[in-house]
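Trainee: Below is the file coords34.cif, with mmCIF, C-alpha atoms.
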```cif
data_start
#
loop_
_atom_site.label_atom_id
_atom_site.label_comp_id
_atom_site.auth_asym_id
_atom_site.auth_seq_id
_atom_site.Cartn_x
_atom_site.Cartn_y
_atom_site.Cartn_z
CA MET A 1 0.00 0.00 0.00
CA LYS A 2 2.91 2.37 0.74
CA THR A 3 4.24 1.95 -2.81
CA LEU A 4 0.82 2.60 -4.36
CA LEU A 5 0.46 6.14 -2.96
CA PRO A 6 3.60 7.54 -4.66
CA LEU A 7 2.51 5.98 -7.96
CA VAL A 8 -0.94 7.59 -7.73
CA CYS A 9 0.62 10.97 -6.89
CA ALA A 10 3.04 10.67 -9.81
CA ALA A 11 0.18 9.81 -12.18
CA LEU A 12 -1.81 12.86 -11.00
CA LEU A 13 1.21 15.14 -11.51
CA VAL A 14 1.71 13.84 -15.05
CA ALA A 15 -1.99 14.38 -15.84
CA CYS A 16 -1.94 17.93 -14.45
CA ALA A 17 1.28 18.73 -16.34
CA GLY A 18 -0.56 17.96 -19.59
CA LEU A 19 -3.00 20.77 -18.78
CA GLY A 20 -0.19 23.32 -18.49
CA SER A 21 0.58 25.71 -15.70
CA LYS A 22 -2.33 28.04 -16.55
CA LEU A 23 -5.75 26.43 -16.47
CA GLU A 24 -7.70 27.76 -19.46
CA THR A 25 -11.39 27.27 -20.04
CA PRO A 26 -12.40 25.44 -23.23
CA ARG A 27 -14.20 27.83 -25.59
CA VAL A 28 -17.84 27.00 -26.38
CA SER A 29 -19.54 28.84 -29.25
CA PHE A 30 -22.67 28.68 -31.46
CA VAL A 31 -22.43 27.10 -34.88
CA GLY A 32 -26.14 26.89 -35.62
CA LEU A 33 -29.70 26.76 -34.38
CA LYS A 34 -32.71 24.89 -35.77
CA PRO A 35 -36.30 24.89 -34.46
CA LEU A 36 -37.71 21.39 -33.85
CA GLU A 37 -41.14 21.88 -32.30
CA ALA A 38 -43.00 24.73 -30.67
CA SER A 39 -46.04 25.42 -28.56
CA LEU A 40 -47.25 28.59 -26.93
CA PHE A 41 -45.30 27.89 -23.74
CA ALA A 42 -42.18 25.99 -24.84
CA GLN A 43 -39.98 25.53 -27.86
CA ARG A 44 -37.49 22.73 -28.51
CA LEU A 45 -34.46 23.72 -30.54
CA GLU A 46 -31.47 21.83 -31.88
CA VAL A 47 -28.31 23.78 -31.13
CA ARG A 48 -25.00 23.03 -32.83
CA LEU A 49 -22.05 24.00 -30.65
CA ARG A 50 -18.29 24.04 -31.12
CA VAL A 51 -15.90 23.22 -28.27
CA GLN A 52 -12.29 24.38 -28.67
CA ASN A 53 -9.74 22.59 -26.48
CA PRO A 54 -6.79 24.74 -25.26
CA TYR A 55 -5.05 21.75 -23.64
CA SER A 56 -2.21 19.67 -25.04
CA LEU A 57 -4.14 16.50 -24.23
CA ALA A 58 -7.50 15.25 -25.48
CA LEU A 59 -10.58 16.46 -23.59
CA PRO A 60 -13.05 13.60 -22.97
CA VAL A 61 -16.43 15.34 -22.58
CA LYS A 62 -19.18 13.26 -20.99
CA GLY A 63 -21.89 15.90 -20.91
CA LEU A 64 -22.88 19.54 -20.94
CA ASP A 65 -25.27 21.77 -18.98
CA ILE A 66 -25.93 25.10 -20.73
CA ASP A 67 -27.95 28.29 -20.37
CA VAL A 68 -28.44 30.45 -23.47
CA GLU A 69 -29.09 34.19 -23.43
CA LEU A 70 -30.01 36.17 -26.55
CA ALA A 71 -29.83 39.97 -26.51
CA GLY A 72 -29.52 39.91 -22.73
CA GLU A 73 -32.70 37.83 -22.29
CA GLN A 74 -32.76 34.33 -20.78
CA PHE A 75 -33.62 32.22 -23.82
CA ALA A 76 -33.06 28.49 -23.32
CA HIS A 77 -31.58 25.74 -21.16
CA GLY A 78 -30.31 22.29 -22.07
CA VAL A 79 -28.55 19.28 -20.61
CA SER A 80 -26.80 16.68 -22.74
CA ALA A 81 -25.23 13.39 -21.71
CA ARG A 82 -23.71 12.86 -25.15
CA GLU A 83 -20.07 11.82 -24.93
CA PHE A 84 -17.40 12.98 -27.36
CA THR A 85 -13.70 13.77 -27.33
CA VAL A 86 -12.17 17.08 -28.31
CA PRO A 87 -8.65 16.48 -29.72
CA ALA A 88 -5.64 18.08 -28.05
CA ASN A 89 -5.37 21.73 -29.13
CA GLY A 90 -8.32 21.07 -31.45
CA GLU A 91 -12.06 21.45 -31.70
CA ALA A 92 -15.22 19.37 -32.07
CA GLU A 93 -18.81 20.19 -33.00
CA PHE A 94 -21.91 18.49 -31.63
CA ASP A 95 -25.69 18.92 -31.57
CA MET A 96 -27.88 19.08 -28.49
CA ILE A 97 -31.51 19.84 -27.72
CA VAL A 98 -32.42 22.90 -25.62
CA THR A 99 -35.81 23.96 -24.33
CA ALA A 100 -36.86 27.58 -24.53
CA ASN A 101 -39.75 29.44 -23.00
CA ALA A 102 -38.93 32.24 -25.31
CA ALA A 103 -42.05 33.75 -26.85
CA THR A 104 -41.50 37.17 -25.24
CA ALA A 105 -37.74 37.15 -25.87
CA LEU A 106 -38.22 36.16 -29.54
CA ILE A 107 -40.80 38.88 -30.13
CA ARG A 108 -38.46 41.46 -28.61
CA ILE A 109 -35.36 40.18 -30.43
CA LEU A 110 -36.85 39.62 -33.89
CA GLY A 111 -39.10 42.69 -33.65
CA ASP A 112 -35.96 44.81 -33.34
CA ARG A 113 -34.14 43.14 -36.24
CA GLU A 114 -34.05 46.23 -38.50
CA SER A 115 -31.86 48.05 -35.98
CA ARG A 116 -29.42 45.15 -35.51
CA ALA A 117 -27.11 43.31 -37.83
CA ALA A 118 -26.48 40.60 -35.23
CA ILE A 119 -27.97 39.30 -31.99
CA PRO A 120 -25.56 39.09 -29.05
CA TYR A 121 -25.57 35.73 -27.27
CA ARG A 122 -24.10 34.35 -24.07
CA LEU A 123 -23.47 30.67 -23.36
CA LYS A 124 -22.96 29.82 -19.71
CA GLY A 125 -22.65 26.39 -18.17
CA ARG A 126 -20.45 23.43 -17.30
CA LEU A 127 -18.65 20.75 -19.30
CA SER A 128 -18.51 17.41 -17.51
CA THR A 129 -15.30 15.53 -18.27
CA ARG A 130 -13.52 12.29 -17.56
CA LEU A 131 -10.27 14.05 -16.59
CA GLY A 132 -9.16 12.78 -13.17
CA MET A 133 -9.69 15.57 -10.68
CA LEU A 134 -11.06 17.99 -13.30
CA ARG A 135 -14.60 16.57 -13.52
CA SER A 136 -16.50 19.79 -14.23
CA ILE A 137 -15.26 22.84 -16.15
CA PRO A 138 -17.38 26.02 -16.02
CA PHE A 139 -17.56 28.26 -19.09
CA ASP A 140 -19.08 31.64 -19.89
CA GLN A 141 -18.68 32.88 -23.46
CA SER A 142 -20.31 35.51 -25.64
CA GLY A 143 -20.61 36.17 -29.35
CA THR A 144 -23.10 37.25 -32.00
CA LEU A 145 -25.56 35.54 -34.36
CA PRO A 146 -26.47 37.26 -37.67
CA VAL A 147 -30.10 38.48 -37.55
CA ALA A 148 -30.63 37.93 -41.28
CA ALA A 149 -29.74 34.27 -40.90
CA ALA A 150 -32.14 33.83 -37.97
CA ALA A 151 -34.99 35.53 -39.82
CA ASP A 152 -34.44 34.04 -43.32
CA ARG A 153 -33.70 30.37 -42.61
CA LYS A 154 -36.79 29.35 -40.68
CA ASN A 155 -36.37 25.56 -40.65
CA ARG A 156 -32.70 25.18 -41.44
CA MET A 157 -29.60 25.34 -39.32
CA ILE A 158 -28.22 28.88 -39.15
CA ASP A 159 -24.49 29.29 -39.24
#
```
Would it be possible to restate this file's structure as structure tokens?
Mentor:
Amino acid sequence: MKTLLPLVCAALLVACAGLGSKLETPRVSFVGLKPLEASLFAQRLEVRLRVQNPYSLALPVKGLDIDVELAGEQFAHGVSAREFTVPANGEAEFDMIVTANAATALIRILGDRESRAAIPYRLKGRLSTRLGMLRSIPFDQSGTLPVAAAADRKNRMID
């Protein structure tokens, strides 16, 4: 048992060394959005996301919990248990379903489309991983979606 503890510590040090001295957050961004079904009170959307891995080792993602804001309004929430691996210093795209109670937010956002070229978004949540002690990585990223794409491509993925 005494020889096992140093081996475990050495393995943890090697794993942490692969992450580098500065712990960076993986970047999560929108690739596209497609409506699936809608009712007066809830909408289900397929969201395509990109995860960029800043680490020099592969990032085994086992799930994602995400909140989506559009134009400063709470828009949607989703949880995915889909597993995928983001290559070292690389990126991967995946689709997930989110649920929105967004009638008011959509009316406000799309009603103001003439005055905006793009809709600001914010993605906030946690990536669940299979990396030893780093089981959950929080993220909070912002960007913009083109308004013309959201308004013109009703049933297709916007990009």
Trainee: Do you have the CA of Leu36 (chain A)-CA of Thr99 (chain A) distance handy?
Mentor: 10.0 Å
Trainee: Find the distance between CA of Ile119 (chain A) and CA of Gly63 (chain A) and write it in Å to one decimal.
Mentor: 26.6 Å
Trainee: Quick one: which residues end up in the PyMOL selection byres ((chain A and resi 85) around 6) for this structure, as a PyMOL selection string?
Mentor: chain A and resi 59-61+84+86
Trainee: So what does the PyMOL selection byres ((chain A and resi 122) around 7) actually pick up in this one, as an MDAnalysis selection string?
Mentor: chainID A and resid 68:70 121 123:124 141:143
Trainee: Give me the result of the PyMOL selection byres ((chain A and resi 137) around 12) on this file, residue by residue, as a compact mmCIF listing (two decimals) with C-alpha atoms, in the frame of the given file.
Mentor:
```txt
# COMPACT_ATOMS: atom_id res chain seq x y z
CA LEU A 23 -5.75 26.43 -16.47
CA GLU A 24 -7.70 27.76 -19.46
CA THR A 25 -11.39 27.27 -20.04
CA PRO A 26 -12.40 25.44 -23.23
CA ARG A 27 -14.20 27.83 -25.59
CA VAL A 28 -17.84 27.00 -26.38
CA ASN A 53 -9.74 22.59 -26.48
CA LEU A 59 -10.58 16.46 -23.59
CA PRO A 60 -13.05 13.60 -22.97
CA VAL A 61 -16.43 15.34 -22.58
CA LYS A 62 -19.18 13.26 -20.99
CA GLY A 63 -21.89 15.90 -20.91
CA LEU A 64 -22.88 19.54 -20.94
CA ASP A 65 -25.27 21.77 -18.98
CA ILE A 66 -25.93 25.10 -20.73
CA LYS A 124 -22.96 29.82 -19.71
CA GLY A 125 -22.65 26.39 -18.17
CA ARG A 126 -20.45 23.43 -17.30
CA LEU A 127 -18.65 20.75 -19.30
CA SER A 128 -18.51 17.41 -17.51
CA THR A 129 -15.30 15.53 -18.27
CA ARG A 130 -13.52 12.29 -17.56
CA LEU A 131 -10.27 14.05 -16.59
CA MET A 133 -9.69 15.57 -10.68
CA LEU A 134 -11.06 17.99 -13.30
CA ARG A 135 -14.60 16.57 -13.52
CA SER A 136 -16.50 19.79 -14.23
CA PRO A 138 -17.38 26.02 -16.02
CA PHE A 139 -17.56 28.26 -19.09
CA ASP A 140 -19.08 31.64 -19.89
```
Trainee: With distances taken over only C-alpha atoms, which residue among A:Glu37, A:Leu49, A:Ala92, A:Ala100 lies nearest Ser80 (chain A)?
Mentor: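 Using only C-alpha atoms, the shortest distance to Ser80 (chain A) belongs to A:Leu49.
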Trainee: In terms of the shortest atom-to-atom distance over only C-alpha atoms, which of A:Pro54, A:Pro120, A:Arg48, A:Ala71 is closest to Gly32 (chain A)?
Mentor: A:Arg48
Trainee: Could you check which of A:Ile97, A:Ala118, A:Ala58, A:Val79 is closest to Gln43 (chain A), using all atoms listed in the file?
Mentor: A:Ile97
Trainee: Would you compute the distance between CA of Asn101 (chain A) and CA of Ser29 (chain A)? Give it in Å to one decimal.
Mentor: 21.2 Å
Trainee: Given only C-alpha atoms as the basis, pick out the residue of A:Val98, A:Ala117, A:Leu57, A:Ala81 nearest to Lys34 (chain A).
Mentor: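 Among the listed residues, A:Val98 lies closest to Lys34 (chain A).
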Trainee: Nearest to Glu83 (chain A): which of A:Val47, A:Leu40, A:Asp95, A:Thr144 is it, counting only C-alpha atoms?
Mentor: A:Asp95
